[in-house]
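Okay, so here's the structure we're looking at.
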Number of protein chains: 2
Amino acid sequence: MDIESWKSQLRKGAAELAVLSILKGRPMSGIALLDHVKAYSEIGLSDGTLYPLLKRLDRDGRVTGNWQLPDAGGRPTKTYTITKDGEDALRAMRATWVGFRKDLSDIVGDE
Amino acid sequence: MDIESWKSQLRKGAAELAVLSILKGRPMSGIALLDHVKAYSEIGLSDGTLYPLLKRLDRDGRVTGNWQLPDAGGRPTKTYTITKDGEDALRAMRATWVGFRKDLSDIVGDE
DNA sequence: AATTAAACCTTGCATAACAAGTTAAATTGT
DNA sequence: ACAATTTAACTTGTTATGCAAGGTTTAATT
């Protein structure tokens, strides 16, 4: 196992938390989400990861996707909005993340 | 996906980083590792996860396992020691973890 | 002798990330 | 007008890990 493969493992679960966190602020399309996360290199979200994730979140009732016609014309985009269940899940995931981060940081001992 | 299943996903990759970090301090048996990590509830390392992991790390030359007879009697235990390659891998993983933690914390916005 | 406990290990399953593809609609170039 | 490209969304197949639920071996205990 090289380090790149390990990074893929470390990232598991992170995309879901990241997407719900961003959508909590405001509804957004898939492309806009990708653009928003692009700056965070260690998250490394690609469209092949994002769209299946959005589909799962929609199926589980944590987000809803709605097609919308942009004001300026052009092709329709699908805008995703977090639901009440999504916000509940986000709260639980945030609490878990905070605990996980502390535990692993304590073990790793990074200053 | 319930929160417990999501936790299993979040933990992926963490066990490897945690085990190498602990072994960097001192060689240790599997049981001792489990006992050491027991306090960190969000890591949640079980023996069914640890032993296959140690086997992979041994196969990849990141640790070496050696059977030893305990001074005080009792059954032999296998003591794992981190190797040079293991320390190199640990350095790279630590750096990744620090960046990952920052990126996800920034997105999640936990204070 | 039989049972329990300790330490180690194996098997099978579920799941997400990723690379590499695909589709459909809009825009651009000639 | 037609072809080529771009954009946004999506699909498929592979891979690796965590985990539950088992199993094995050795030593200590009853």
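All residue names refer to the structure tokens as shown: chains lettered A, B, ... in order, residues numbered from 1 in each chain, ligands numbered from 1 in order.
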Next on the checklist: Tell me as number ranges by chain which residues belonging to chain D come within 12 Å of chain A, counting only C-alpha atoms (C1' of nucleotides).
Outcome noted: D: 7-12, 15-18
Put those residues in a file: N, CA and C atoms (P, O5', C5', C4', C3', O3' and C1' of nucleotides), as a PDB file, in the first residue's frame.
ATOM      1  P    DT D   7     -16.049  24.357 -20.228  1.00  0.00           P
ATOM      2  O5'  DT D   7     -17.488  23.994 -19.669  1.00  0.00           O
ATOM      3  C5'  DT D   7     -18.617  24.693 -20.169  1.00  0.00           C
ATOM      4  C4'  DT D   7     -19.878  24.039 -19.643  1.00  0.00           C
ATOM      5  C3'  DT D   7     -19.807  23.592 -18.188  1.00  0.00           C
ATOM      6  O3'  DT D   7     -20.953  24.079 -17.522  1.00  0.00           O
ATOM      7  C1'  DT D   7     -20.544  21.810 -19.549  1.00  0.00           C
ATOM      8  P    DA D   8     -20.961  24.226 -15.914  1.00  0.00           P
ATOM      9  O5'  DA D   8     -21.849  22.974 -15.499  1.00  0.00           O
ATOM     10  C5'  DA D   8     -23.211  22.941 -15.914  1.00  0.00           C
ATOM     11  C4'  DA D   8     -23.767  21.563 -15.698  1.00  0.00           C
ATOM     12  C3'  DA D   8     -23.520  20.963 -14.313  1.00  0.00           C
ATOM     13  O3'  DA D   8     -24.768  20.802 -13.670  1.00  0.00           O
ATOM     14  C1'  DA D   8     -23.107  19.376 -16.045  1.00  0.00           C
ATOM     15  P    DA D   9     -24.886  20.091 -12.247  1.00  0.00           P
ATOM     16  O5'  DA D   9     -25.145  18.575 -12.637  1.00  0.00           O
ATOM     17  C5'  DA D   9     -26.296  18.264 -13.390  1.00  0.00           C
ATOM     18  C4'  DA D   9     -26.218  16.844 -13.870  1.00  0.00           C
ATOM     19  C3'  DA D   9     -26.132  15.797 -12.749  1.00  0.00           C
ATOM     20  O3'  DA D   9     -27.371  15.103 -12.668  1.00  0.00           O
ATOM     21  C1'  DA D   9     -24.699  15.289 -14.603  1.00  0.00           C
ATOM     22  P    DC D  10     -27.614  14.084 -11.459  1.00  0.00           P
ATOM     23  O5'  DC D  10     -26.963  12.720 -11.991  1.00  0.00           O
ATOM     24  C5'  DC D  10     -27.367  12.225 -13.256  1.00  0.00           C
ATOM     25  C4'  DC D  10     -26.423  11.150 -13.756  1.00  0.00           C
ATOM     26  C3'  DC D  10     -26.181   9.957 -12.824  1.00  0.00           C
ATOM     27  O3'  DC D  10     -26.973   8.875 -13.289  1.00  0.00           O
ATOM     28  C1'  DC D  10     -24.261  10.539 -14.127  1.00  0.00           C
ATOM     29  P    DT D  11     -26.949   7.487 -12.490  1.00  0.00           P
ATOM     30  O5'  DT D  11     -25.799   6.662 -13.248  1.00  0.00           O
ATOM     31  C5'  DT D  11     -25.843   6.539 -14.655  1.00  0.00           C
ATOM     32  C4'  DT D  11     -24.815   5.515 -15.116  1.00  0.00           C
ATOM     33  C3'  DT D  11     -24.748   4.242 -14.263  1.00  0.00           C
ATOM     34  O3'  DT D  11     -24.742   3.135 -15.147  1.00  0.00           O
ATOM     35  C1'  DT D  11     -22.596   5.246 -14.393  1.00  0.00           C
ATOM     36  P    DT D  12     -24.864   1.648 -14.504  1.00  0.00           P
ATOM     37  O5'  DT D  12     -23.367   1.088 -14.626  1.00  0.00           O
ATOM     38  C5'  DT D  12     -22.610   1.382 -15.782  1.00  0.00           C
ATOM     39  C4'  DT D  12     -21.223   0.773 -15.665  1.00  0.00           C
ATOM     40  C3'  DT D  12     -21.135  -0.488 -14.796  1.00  0.00           C
ATOM     41  O3'  DT D  12     -20.317  -1.445 -15.445  1.00  0.00           O
ATOM     42  C1'  DT D  12     -19.632   1.145 -13.996  1.00  0.00           C
ATOM     43  P    DT D  15      -8.796  -4.783  -9.067  1.00  0.00           P
ATOM     44  O5'  DT D  15      -8.716  -3.976  -7.704  1.00  0.00           O
ATOM     45  C5'  DT D  15      -8.337  -2.595  -7.732  1.00  0.00           C
ATOM     46  C4'  DT D  15      -8.412  -2.027  -6.336  1.00  0.00           C
ATOM     47  C3'  DT D  15      -7.962  -3.009  -5.250  1.00  0.00           C
ATOM     48  O3'  DT D  15      -6.909  -2.425  -4.502  1.00  0.00           O
ATOM     49  C1'  DT D  15     -10.043  -2.007  -4.690  1.00  0.00           C
ATOM     50  P    DA D  16      -6.003  -3.304  -3.508  1.00  0.00           P
ATOM     51  O5'  DA D  16      -6.363  -2.664  -2.099  1.00  0.00           O
ATOM     52  C5'  DA D  16      -6.436  -1.250  -1.987  1.00  0.00           C
ATOM     53  C4'  DA D  16      -7.172  -0.902  -0.712  1.00  0.00           C
ATOM     54  C3'  DA D  16      -6.782  -1.792   0.465  1.00  0.00           C
ATOM     55  O3'  DA D  16      -6.311  -0.994   1.530  1.00  0.00           O
ATOM     56  C1'  DA D  16      -9.154  -1.750   0.171  1.00  0.00           C
ATOM     57  P    DT D  17      -5.861  -1.698   2.926  1.00  0.00           P
ATOM     58  O5'  DT D  17      -7.026  -1.337   3.931  1.00  0.00           O
ATOM     59  C5'  DT D  17      -7.388   0.013   4.123  1.00  0.00           C
ATOM     60  C4'  DT D  17      -8.714   0.072   4.854  1.00  0.00           C
ATOM     61  C3'  DT D  17      -8.691  -0.606   6.228  1.00  0.00           C
ATOM     62  O3'  DT D  17      -9.151   0.317   7.206  1.00  0.00           O
ATOM     63  C1'  DT D  17     -10.519  -1.392   4.919  1.00  0.00           C
ATOM     64  P    DG D  18      -8.830   0.141   8.808  1.00  0.00           P
ATOM     65  O5'  DG D  18     -10.300  -0.079   9.398  1.00  0.00           O
ATOM     66  C5'  DG D  18     -11.303   0.899   9.181  1.00  0.00           C
ATOM     67  C4'  DG D  18     -12.674   0.279   9.421  1.00  0.00           C
ATOM     68  C3'  DG D  18     -12.819  -0.401  10.782  1.00  0.00           C
ATOM     69  O3'  DG D  18     -14.027   0.046  11.385  1.00  0.00           O
ATOM     70  C1'  DG D  18     -13.387  -1.915   9.027  1.00  0.00           C
TER      71       DG D  18
END
Next on the checklist: So that I can see what lies close to stretch 34-46 of chain B, please list as a PyMOL selection string the residues with an atom at most 12 Å from it, counting only C-alpha atoms (C1' of nucleotides) and leaving out residues fewer than 5 positions away in the same chain.
Outcome noted: (chain A and resi 93+95-108) or (chain B and resi 4+6-19+21-23+26+28-29+51-54) or (chain C and resi 7) or (chain D and resi 18-20)
Those residues with N, CA and C atoms (P, O5', C5', C4', C3', O3' and C1' of nucleotides), as a compact mmCIF listing (two decimals), in the first residue's frame please?
# COMPACT_ATOMS: atom_id res chain seq x y z
N MET A 93 -22.66 13.96 12.97
CA MET A 93 -21.37 13.72 12.32
C MET A 93 -20.33 14.73 12.79
N ALA A 95 -20.17 16.13 15.72
CA ALA A 95 -19.75 15.75 17.07
C ALA A 95 -18.77 14.58 17.00
N THR A 96 -19.06 13.62 16.14
CA THR A 96 -18.16 12.49 15.96
C THR A 96 -16.81 12.94 15.43
N TRP A 97 -16.84 13.81 14.46
CA TRP A 97 -15.60 14.32 13.87
C TRP A 97 -14.72 15.01 14.91
N VAL A 98 -15.33 15.81 15.75
CA VAL A 98 -14.56 16.53 16.78
C VAL A 98 -13.89 15.54 17.73
N GLY A 99 -14.62 14.51 18.13
CA GLY A 99 -14.04 13.50 19.02
C GLY A 99 -12.96 12.69 18.33
N PHE A 100 -13.24 12.29 17.11
CA PHE A 100 -12.29 11.51 16.33
C PHE A 100 -10.98 12.28 16.13
N ARG A 101 -11.13 13.54 15.78
CA ARG A 101 -9.96 14.38 15.53
C ARG A 101 -9.10 14.50 16.79
N LYS A 102 -9.76 14.66 17.92
CA LYS A 102 -9.00 14.77 19.17
C LYS A 102 -8.30 13.46 19.50
N ASP A 103 -9.02 12.35 19.41
CA ASP A 103 -8.44 11.05 19.74
C ASP A 103 -7.23 10.75 18.85
N LEU A 104 -7.41 10.91 17.55
CA LEU A 104 -6.31 10.57 16.65
C LEU A 104 -5.14 11.54 16.82
N SER A 105 -5.45 12.81 17.04
CA SER A 105 -4.37 13.79 17.26
C SER A 105 -3.58 13.45 18.53
N ASP A 106 -4.30 13.00 19.55
CA ASP A 106 -3.61 12.63 20.79
C ASP A 106 -2.67 11.44 20.56
N ILE A 107 -3.14 10.49 19.79
CA ILE A 107 -2.31 9.29 19.54
C ILE A 107 -1.12 9.64 18.65
N VAL A 108 -1.40 10.39 17.60
CA VAL A 108 -0.34 10.74 16.66
C VAL A 108 0.66 11.69 17.30
N GLU B 4 -23.54 4.99 12.85
CA GLU B 4 -22.55 3.97 13.23
C GLU B 4 -21.80 3.46 12.00
N TRP B 6 -21.38 5.13 9.31
CA TRP B 6 -20.53 6.24 8.85
C TRP B 6 -19.24 6.32 9.67
N LYS B 7 -19.35 6.05 10.97
CA LYS B 7 -18.15 6.05 11.82
C LYS B 7 -17.13 5.03 11.31
N SER B 8 -17.62 3.87 10.89
CA SER B 8 -16.70 2.85 10.35
C SER B 8 -15.96 3.37 9.14
N GLN B 9 -16.66 4.18 8.34
CA GLN B 9 -16.00 4.76 7.17
C GLN B 9 -14.97 5.80 7.58
N LEU B 10 -15.35 6.66 8.52
CA LEU B 10 -14.43 7.71 8.97
C LEU B 10 -13.16 7.12 9.55
N ARG B 11 -13.30 5.95 10.19
CA ARG B 11 -12.14 5.34 10.84
C ARG B 11 -11.16 4.71 9.87
N LYS B 12 -11.58 4.56 8.62
CA LYS B 12 -10.68 3.89 7.67
C LYS B 12 -9.39 4.68 7.49
N GLY B 13 -8.30 3.97 7.59
CA GLY B 13 -6.99 4.62 7.50
C GLY B 13 -6.45 5.03 8.84
N ALA B 14 -7.33 5.31 9.79
CA ALA B 14 -6.88 5.81 11.10
C ALA B 14 -6.12 4.75 11.88
N ALA B 15 -6.54 3.50 11.77
CA ALA B 15 -5.88 2.44 12.54
C ALA B 15 -4.41 2.33 12.16
N GLU B 16 -4.13 2.42 10.88
CA GLU B 16 -2.75 2.28 10.43
C GLU B 16 -1.87 3.41 10.97
N LEU B 17 -2.39 4.63 10.89
CA LEU B 17 -1.65 5.77 11.42
C LEU B 17 -1.48 5.66 12.93
N ALA B 18 -2.52 5.23 13.61
CA ALA B 18 -2.47 5.11 15.07
C ALA B 18 -1.46 4.05 15.50
N VAL B 19 -1.49 2.90 14.86
CA VAL B 19 -0.60 1.80 15.25
C VAL B 19 0.86 2.17 15.01
N SER B 21 2.09 5.14 14.91
CA SER B 21 2.45 6.20 15.87
C SER B 21 2.80 5.62 17.22
N ILE B 22 2.02 4.64 17.66
CA ILE B 22 2.27 4.05 18.99
C ILE B 22 3.55 3.22 18.97
N LEU B 23 3.74 2.47 17.91
CA LEU B 23 4.94 1.62 17.83
C LEU B 23 6.22 2.44 17.69
N ARG B 26 7.53 2.70 21.21
CA ARG B 26 8.18 1.47 21.71
C ARG B 26 7.50 0.26 21.14
N MET B 28 5.68 -3.31 20.93
CA MET B 28 4.50 -3.66 21.72
C MET B 28 3.79 -4.87 21.09
N SER B 29 3.12 -5.63 21.90
CA SER B 29 2.33 -6.76 21.40
C SER B 29 0.96 -6.29 20.94
N TYR B 51 -5.32 -7.35 13.93
CA TYR B 51 -4.41 -8.42 13.49
C TYR B 51 -4.24 -8.47 11.98
N PRO B 52 -5.29 -8.34 11.20
CA PRO B 52 -5.07 -8.23 9.76
C PRO B 52 -4.22 -7.02 9.38
N LEU B 53 -4.39 -5.93 10.12
CA LEU B 53 -3.58 -4.73 9.85
C LEU B 53 -2.10 -4.99 10.13
N LEU B 54 -1.82 -5.61 11.28
CA LEU B 54 -0.43 -5.91 11.62
C LEU B 54 0.19 -6.85 10.59
P DA C 7 -2.60 -11.69 27.49
O5' DA C 7 -2.37 -12.04 25.96
C5' DA C 7 -1.36 -12.99 25.62
C4' DA C 7 -1.51 -13.39 24.18
C3' DA C 7 -1.62 -12.22 23.19
O3' DA C 7 -0.45 -12.23 22.38
C1' DA C 7 -3.17 -13.98 22.69
P DG D 18 -8.83 0.14 8.81
O5' DG D 18 -10.30 -0.08 9.40
C5' DG D 18 -11.30 0.90 9.18
C4' DG D 18 -12.67 0.28 9.42
C3' DG D 18 -12.82 -0.40 10.78
O3' DG D 18 -14.03 0.05 11.38
C1' DG D 18 -13.39 -1.92 9.03
P DC D 19 -14.32 -0.23 12.94
O5' DC D 19 -15.12 -1.61 12.92
C5' DC D 19 -16.37 -1.63 12.22
C4' DC D 19 -16.86 -3.04 12.11
C3' DC D 19 -16.75 -3.86 13.40
O3' DC D 19 -18.05 -4.06 13.92
C1' DC D 19 -16.14 -5.11 11.45
P DA D 20 -18.25 -4.67 15.40
O5' DA D 20 -19.14 -5.96 15.10
C5' DA D 20 -20.04 -5.96 14.01
C4' DA D 20 -20.36 -7.39 13.60
C3' DA D 20 -20.51 -8.36 14.77
O3' DA D 20 -21.57 -9.24 14.49
C1' DA D 20 -18.76 -9.10 13.33
What are the closest atom pairs, with distances in Å to one decimal, for all residues of chain C lying within 12 Å of chain A? Consider only C-alpha atoms (C1' of nucleotides), order rows by chain and residue number, and present the result as a Markdown table.
| residue | atom | partner | partner_atom | distance |
| --- | --- | --- | --- | --- |
| C:DT15 | C1' | A:Lys12 | CA | 9.5 |
| C:DA16 | C1' | A:Lys12 | CA | 5.9 |
| C:DA17 | C1' | A:Ser8 | CA | 5.9 |
| C:DC18 | C1' | A:Gly48 | CA | 7.1 |
| C:DA19 | C1' | A:Gly48 | CA | 8.4 |
| C:DA20 | C1' | A:Gly48 | CA | 9.5 |
| C:DG21 | C1' | A:Gly48 | CA | 10.5 |
| C:DA24 | C1' | A:Arg75 | CA | 10.1 |
| C:DA25 | C1' | A:Arg75 | CA | 6.4 |
| C:DA26 | C1' | A:Arg75 | CA | 6.4 |
| C:DT27 | C1' | A:Gly74 | CA | 9.3 |
Item to check | Secondary structure check, helix (DSSP H, G or I) residues of chain B, as a PyMOL selection string | outcome: chain B and resi 3-10+14-25+30-37+47-59+84-108
Could you write out chain A as a compact mmCIF listing (two decimals) with C-alpha atoms, in the first residue's frame once it has been least-squares superposed on chain B using every ordered C-alpha pair?
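Wrote it out as selection_13.txt, contents follow:
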# COMPACT_ATOMS: atom_id res chain seq x y z
CA MET A 1 -26.69 4.74 6.17
CA ASP A 2 -26.87 5.30 9.88
CA ILE A 3 -24.26 7.16 11.90
CA GLU A 4 -22.57 4.01 13.17
CA SER A 5 -21.86 2.81 9.66
CA TRP A 6 -20.53 6.23 8.77
CA LYS A 7 -18.17 6.09 11.74
CA SER A 8 -16.70 2.89 10.32
CA GLN A 9 -15.99 4.76 7.13
CA LEU A 10 -14.46 7.75 8.92
CA ARG A 11 -12.13 5.43 10.80
CA LYS A 12 -10.65 3.97 7.63
CA GLY A 13 -6.95 4.67 7.52
CA ALA A 14 -6.87 5.87 11.12
CA ALA A 15 -5.88 2.51 12.59
CA GLU A 16 -2.75 2.33 10.47
CA LEU A 17 -1.64 5.81 11.46
CA ALA A 18 -2.46 5.16 15.12
CA VAL A 19 -0.60 1.83 15.29
CA LEU A 20 2.54 3.16 13.64
CA SER A 21 2.46 6.21 15.92
CA ILE A 22 2.26 4.07 19.04
CA LEU A 23 4.91 1.61 17.90
CA LYS A 24 7.23 4.52 17.17
CA GLY A 25 7.39 5.07 20.91
CA ARG A 26 8.11 1.45 21.78
CA PRO A 27 7.63 -2.12 20.57
CA MET A 28 4.42 -3.71 21.77
CA SER A 29 2.23 -6.79 21.43
CA GLY A 30 -1.19 -6.82 19.77
CA ILE A 31 -2.95 -7.07 23.09
CA ALA A 32 -0.93 -4.19 24.51
CA LEU A 33 -1.84 -2.09 21.48
CA LEU A 34 -5.53 -2.83 21.97
CA ASP A 35 -5.23 -1.94 25.61
CA HIS A 36 -3.42 1.29 24.80
CA VAL A 37 -6.04 2.46 22.30
CA LYS A 38 -9.00 1.40 24.44
CA ALA A 39 -9.20 4.85 26.02
CA TYR A 40 -9.74 6.56 22.65
CA SER A 41 -13.37 5.74 22.00
CA GLU A 42 -13.72 7.32 18.57
CA ILE A 43 -10.88 5.20 17.21
CA GLY A 44 -12.67 2.04 18.28
CA LEU A 45 -9.97 -0.46 17.34
CA SER A 46 -10.96 -4.12 17.72
CA ASP A 47 -8.80 -7.21 17.43
CA GLY A 48 -10.56 -8.25 14.24
CA THR A 49 -9.29 -5.02 12.71
CA LEU A 50 -5.89 -4.94 14.37
CA TYR A 51 -4.48 -8.36 13.51
CA PRO A 52 -5.12 -8.17 9.77
CA LEU A 53 -3.63 -4.67 9.88
CA LEU A 54 -0.49 -5.88 11.66
CA LYS A 55 -0.17 -8.64 9.10
CA ARG A 56 -0.34 -6.14 6.23
CA LEU A 57 2.20 -3.87 7.91
CA ASP A 58 4.52 -6.83 8.41
CA ARG A 59 4.07 -8.01 4.82
CA ASP A 60 4.89 -4.49 3.57
CA GLY A 61 7.95 -4.21 5.78
CA ARG A 62 6.68 -1.42 7.99
CA VAL A 63 6.79 -3.49 11.18
CA THR A 64 8.36 -6.78 12.20
CA GLY A 65 6.70 -9.26 14.53
CA ASN A 66 8.78 -11.44 16.84
CA TRP A 67 7.66 -14.11 19.29
CA GLN A 68 9.01 -13.61 22.74
CA LEU A 69 8.91 -15.50 26.02
CA PRO A 70 7.81 -13.24 28.87
CA ASP A 71 10.25 -12.98 31.80
CA ALA A 72 7.59 -13.93 34.29
CA GLY A 73 6.73 -17.15 32.45
CA GLY A 74 3.45 -17.76 30.69
CA ARG A 75 2.66 -18.13 27.03
CA PRO A 76 4.74 -16.40 24.34
CA THR A 77 3.53 -13.08 22.92
CA LYS A 78 4.35 -11.56 19.57
CA THR A 79 6.02 -8.18 19.85
CA TYR A 80 5.79 -5.74 16.96
CA THR A 81 8.54 -3.25 16.18
CA ILE A 82 8.43 -0.39 13.68
CA THR A 83 11.04 -0.49 10.91
CA LYS A 84 12.88 2.24 9.04
CA ASP A 85 10.34 1.97 6.21
CA GLY A 86 7.60 2.17 8.82
CA GLU A 87 9.02 5.39 10.19
CA ASP A 88 9.24 6.86 6.71
CA ALA A 89 5.62 5.94 6.05
CA LEU A 90 4.62 7.37 9.40
CA ARG A 91 6.22 10.71 8.57
CA ALA A 92 4.31 10.94 5.28
CA MET A 93 1.06 9.89 6.92
CA ARG A 94 1.45 12.39 9.72
CA ALA A 95 1.92 15.22 7.23
CA THR A 96 -1.15 14.09 5.31
CA TRP A 97 -3.18 13.84 8.49
CA VAL A 98 -2.28 17.38 9.53
CA GLY A 99 -3.34 18.75 6.15
CA PHE A 100 -6.48 16.66 6.02
CA ARG A 101 -7.50 17.70 9.50
CA LYS A 102 -7.08 21.37 8.65
CA ASP A 103 -8.98 21.13 5.36
CA LEU A 104 -11.91 19.23 6.80
CA SER A 105 -12.03 21.43 9.92
CA ASP A 106 -12.13 24.50 7.70
CA ILE A 107 -15.02 23.11 5.69
CA VAL A 108 -16.95 21.83 8.68
CA GLY A 109 -16.31 25.05 10.50
CA ASP A 110 -16.10 23.52 13.96
CA GLU A 111 -14.71 26.15 16.24
Item to check | Backbone DSSP call of strand (DSSP E) for chain A, listed as a VMD selection string | outcome: chain A and resid 28 to 29 63 to 68 77 to 82
Mind writing the picked residues with N, CA and C atoms as a tab-separated table (two decimals), in the first residue's frame?
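And here is the file that came out, out-v4.tsv:
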chain	number	residue	atom	x	y	z
A	28	MET	N	-26.81	24.40	-3.48
A	28	MET	CA	-25.74	24.49	-4.46
A	28	MET	C	-25.82	23.33	-5.45
A	29	SER	N	-25.32	23.55	-6.64
A	29	SER	CA	-25.26	22.48	-7.63
A	29	SER	C	-24.02	21.60	-7.41
A	63	VAL	N	-30.70	15.21	1.60
A	63	VAL	CA	-30.74	16.36	0.70
A	63	VAL	C	-31.86	16.13	-0.32
A	64	THR	N	-32.27	17.20	-0.97
A	64	THR	CA	-33.19	17.06	-2.10
A	64	THR	C	-32.60	17.78	-3.31
A	65	GLY	N	-32.68	17.14	-4.46
A	65	GLY	CA	-32.15	17.73	-5.68
A	65	GLY	C	-33.27	18.22	-6.58
A	66	ASN	N	-33.16	19.48	-7.03
A	66	ASN	CA	-34.20	20.05	-7.89
A	66	ASN	C	-33.60	20.72	-9.11
A	67	TRP	N	-34.14	20.39	-10.29
A	67	TRP	CA	-33.66	21.01	-11.52
A	67	TRP	C	-34.14	22.44	-11.58
A	68	GLN	N	-33.24	23.29	-12.01
A	68	GLN	CA	-33.61	24.71	-12.08
A	68	GLN	C	-33.03	25.35	-13.33
A	77	THR	N	-29.54	23.32	-14.27
A	77	THR	CA	-28.63	22.68	-13.31
A	77	THR	C	-29.47	22.15	-12.16
A	78	LYS	N	-28.94	21.15	-11.49
A	78	LYS	CA	-29.66	20.51	-10.39
A	78	LYS	C	-29.12	21.10	-9.10
A	79	THR	N	-29.99	21.71	-8.33
A	79	THR	CA	-29.57	22.34	-7.09
A	79	THR	C	-29.93	21.46	-5.90
A	80	TYR	N	-28.96	21.24	-5.03
A	80	TYR	CA	-29.17	20.38	-3.87
A	80	TYR	C	-29.35	21.21	-2.61
A	81	THR	N	-30.35	20.80	-1.83
A	81	THR	CA	-30.69	21.51	-0.60
A	81	THR	C	-30.69	20.52	0.56
A	82	ILE	N	-30.11	20.91	1.69
A	82	ILE	CA	-30.10	20.04	2.86
A	82	ILE	C	-31.50	20.01	3.48
